[in-house]
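Beneath this line is the structure, given in structure tokens, with notes to follow.
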Amino acid sequence: MDILLIEDDAIEVMKLQRTVKKLELKHNIIETKNGEDALEILRSGNRLPDIILLDLNMPRMNGIEFLSILKADDVLKYLPTVILTTSENRADLLECYKIGVAGYVIKPLKYEDYQSKLHKVLEYWDINQLVKG
């Protein structure tokens with residue numbers, strides 16, 4: 001799968017890369033640090049990702065703002081977007097599902113738990129029939 005990772009924390013990016021490598025997954029990870037840069041990538045005319053992994057707490061444009069713009073776009077709204085966050089804020093959770101998120105995963109502190117959760121998320125989306133924009 002082609003995965004667009006929108007994450008401003010370099011440690012979190014390295015953790016995801018490490019997990020994909022350790023699990024020997026053959027996914028292509030496209031990285032961006034914020035929602036504005038992600039929208040540029042998505043609107044560039046290049047091949048769209050299969051899924052988006054999105055952090056909520058980012059500078060310039062937070063995850064909820066990005067999600068609102070994404071879901072208002074006639075082409076991009078079909079891209080499954082999974083929130084990967086440390087936020088256990090119920091208001092964030094409800095707002096994300098209201099806008100149309102495909103999943104909301106809280107990043108655990110222990111690496112082994114993170115790896116297990118991420119593996120399940122990627123396995124699930126890998127077997128889905130995905131809509132390409």
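Ligands are numbered from 1 in the order shown, residues from 1 within each chain, and chains are lettered A, B, ... in the order they appear in the structure tokens.
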
For Ala72 in chain A: contacts at 10 Å, only C-alpha atoms, fewer than 5 positions along chain excluded, given as a list of chain:residue names
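Answer for this query is A:Leu67, A:Lys77, A:Ile99.
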
Rows by chain and residue number, range 63-97 of chain A within 9 Å of range 29-36 of chain A, shortest pair, only C-alpha atoms, as JSON lines:
{"residue": "A:Gly63", "atom": "CA", "partner": "A:Gly35", "partner_atom": "CA", "distance": 6.8}
{"residue": "A:Glu65", "atom": "CA", "partner": "A:Gly35", "partner_atom": "CA", "distance": 7.9}
{"residue": "A:Phe66", "atom": "CA", "partner": "A:Gly35", "partner_atom": "CA", "distance": 5.3}
{"residue": "A:Leu67", "atom": "CA", "partner": "A:Gly35", "partner_atom": "CA", "distance": 8.6}

List as a VMD selection string the protein and nucleic acid residues near Glu95 in chain A, meaning an atom at most 12 Å away when only C-alpha atoms are counted, but skip any in the same chain fewer than 6 places from it.
chain A and resid 56 63 to 65 67 to 68 83 89 101 104

Nearest-residue call for Ile11 in chain A, choices A:Lys71, A:Tyr111, A:Asn128, A:Ala91, using only C-alpha atoms
A:Tyr111

Would you please extract all helix (DSSP H, G or I) residues from chain A, as assigned by DSSP on the backbone, and give them as a ChimeraX atom specification?
/A:10-22,35-42,63-72,76-78,90-99,111-127

Among chain A, which residues does DSSP mark as strand (DSSP E) when it is run on the backbone? Keep the chain and numbering as in the structure and answer as a compact mmCIF listing (two decimals) with N, CA, C and O atoms, in the first residue's frame.
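Here's the written file states.txt:
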# COMPACT_ATOMS: atom_id res chain seq x y z
N ASP A 2 0.33 2.30 -0.55
CA ASP A 2 0.94 3.61 -0.42
C ASP A 2 0.26 4.30 0.76
O ASP A 2 -0.98 4.44 0.77
N ILE A 3 1.04 4.69 1.75
CA ILE A 3 0.51 5.28 2.97
C ILE A 3 1.04 6.70 3.11
O ILE A 3 2.26 6.91 3.09
N LEU A 4 0.13 7.66 3.26
CA LEU A 4 0.53 9.03 3.54
C LEU A 4 0.51 9.21 5.05
O LEU A 4 -0.55 9.10 5.68
N LEU A 5 1.66 9.46 5.63
CA LEU A 5 1.79 9.69 7.07
C LEU A 5 1.91 11.19 7.30
O LEU A 5 2.84 11.84 6.80
N ILE A 6 0.96 11.75 8.05
CA ILE A 6 0.99 13.18 8.36
C ILE A 6 1.29 13.29 9.86
O ILE A 6 0.43 13.05 10.70
N ASN A 28 4.77 1.52 1.05
CA ASN A 28 5.50 2.73 0.71
C ASN A 28 4.96 3.85 1.59
O ASN A 28 3.78 4.18 1.53
N ILE A 29 5.82 4.43 2.41
CA ILE A 29 5.42 5.49 3.33
C ILE A 29 5.81 6.85 2.74
O ILE A 29 6.99 7.09 2.46
N ILE A 30 4.83 7.71 2.55
CA ILE A 30 5.06 9.08 2.10
C ILE A 30 4.86 9.95 3.34
O ILE A 30 3.81 9.90 3.97
N GLU A 31 5.88 10.72 3.70
CA GLU A 31 5.83 11.50 4.95
C GLU A 31 5.63 12.98 4.68
O GLU A 31 6.19 13.52 3.74
N THR A 32 4.85 13.58 5.56
CA THR A 32 4.70 15.03 5.57
C THR A 32 4.48 15.47 7.01
O THR A 32 3.95 14.72 7.82
N ILE A 51 -4.16 4.82 1.93
CA ILE A 51 -4.70 5.29 3.21
C ILE A 51 -3.86 6.45 3.72
O ILE A 51 -2.73 6.66 3.28
N ILE A 52 -4.46 7.18 4.67
CA ILE A 52 -3.76 8.28 5.33
C ILE A 52 -3.72 7.97 6.82
O ILE A 52 -4.74 7.58 7.40
N LEU A 53 -2.54 8.10 7.41
CA LEU A 53 -2.37 8.02 8.86
C LEU A 53 -2.13 9.45 9.33
O LEU A 53 -1.18 10.10 8.89
N LEU A 54 -2.99 9.94 10.22
CA LEU A 54 -3.01 11.35 10.55
C LEU A 54 -2.89 11.60 12.05
O LEU A 54 -3.66 11.04 12.84
N THR A 81 -8.95 7.56 6.17
CA THR A 81 -8.03 8.29 7.04
C THR A 81 -8.15 7.75 8.45
O THR A 81 -9.24 7.73 9.03
N VAL A 82 -7.03 7.29 8.98
CA VAL A 82 -6.98 6.74 10.33
C VAL A 82 -6.18 7.71 11.20
O VAL A 82 -5.06 8.07 10.87
N ILE A 83 -6.79 8.10 12.30
CA ILE A 83 -6.13 8.98 13.25
C ILE A 83 -5.17 8.15 14.10
O ILE A 83 -5.55 7.10 14.62
N LEU A 84 -3.92 8.59 14.19
CA LEU A 84 -2.92 8.01 15.09
C LEU A 84 -2.51 9.13 16.03
O LEU A 84 -1.82 10.06 15.62
N THR A 85 -2.94 9.06 17.28
CA THR A 85 -2.75 10.20 18.18
C THR A 85 -2.53 9.75 19.62
O THR A 85 -2.83 8.60 19.97
N GLY A 103 -10.95 5.50 11.28
CA GLY A 103 -10.51 4.87 12.51
C GLY A 103 -9.79 5.87 13.40
O GLY A 103 -9.30 6.90 12.92
N TYR A 104 -9.75 5.55 14.68
CA TYR A 104 -9.12 6.44 15.66
C TYR A 104 -8.31 5.56 16.61
O TYR A 104 -8.87 4.80 17.38
N VAL A 105 -6.99 5.62 16.49
CA VAL A 105 -6.10 4.76 17.26
C VAL A 105 -5.26 5.62 18.19
O VAL A 105 -4.58 6.54 17.74
N ILE A 106 -5.31 5.29 19.47
CA ILE A 106 -4.48 5.98 20.45
C ILE A 106 -3.13 5.28 20.52
O ILE A 106 -3.06 4.07 20.71

So which one's closest to Met1 in chain A, A:Arg60, A:His27, A:His119, A:Arg43? Using only C-alpha atoms, please.
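Among the listed residues, the smallest separation from Met1 in chain A belongs to A:His27.
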
Figure out the distance between CA of Lys117 in chain A and CA of Asp37 in chain A, please, to one decimal in Å.
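Computing it gives 26.3 Å between the two atoms.
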
Distance criterion (only C-alpha atoms): nearest to Leu109 in chain A out of A:Lys15, A:Leu39, A:Cys96, A:Arg90
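Comparing A:Lys15, A:Leu39, A:Cys96, A:Arg90 against Leu109 in chain A, the winner is A:Lys15.
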
Closest of A:Gly100, A:Asp74, A:Asp113, A:Pro108 to Glu88 in chain A - atom-to-atom distances counting only C-alpha atoms:
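Closest to Glu88 in chain A, using only C-alpha atoms: A:Pro108.
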
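Using only C-alpha atoms, the smallest distance between any of A:Leu122, A:Ala10, A:Gln17, A:Leu76 and Pro49 in chain A comes from A:Leu76.
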
Which residue out of A:Leu130, A:Val20, A:Tyr114, A:Glu7 has the minimum interatomic distance to Pro59 in chain A when only C-alpha atoms are used?
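Ranking A:Leu130, A:Val20, A:Tyr114, A:Glu7 by distance to Pro59 in chain A, first place goes to A:Glu7.
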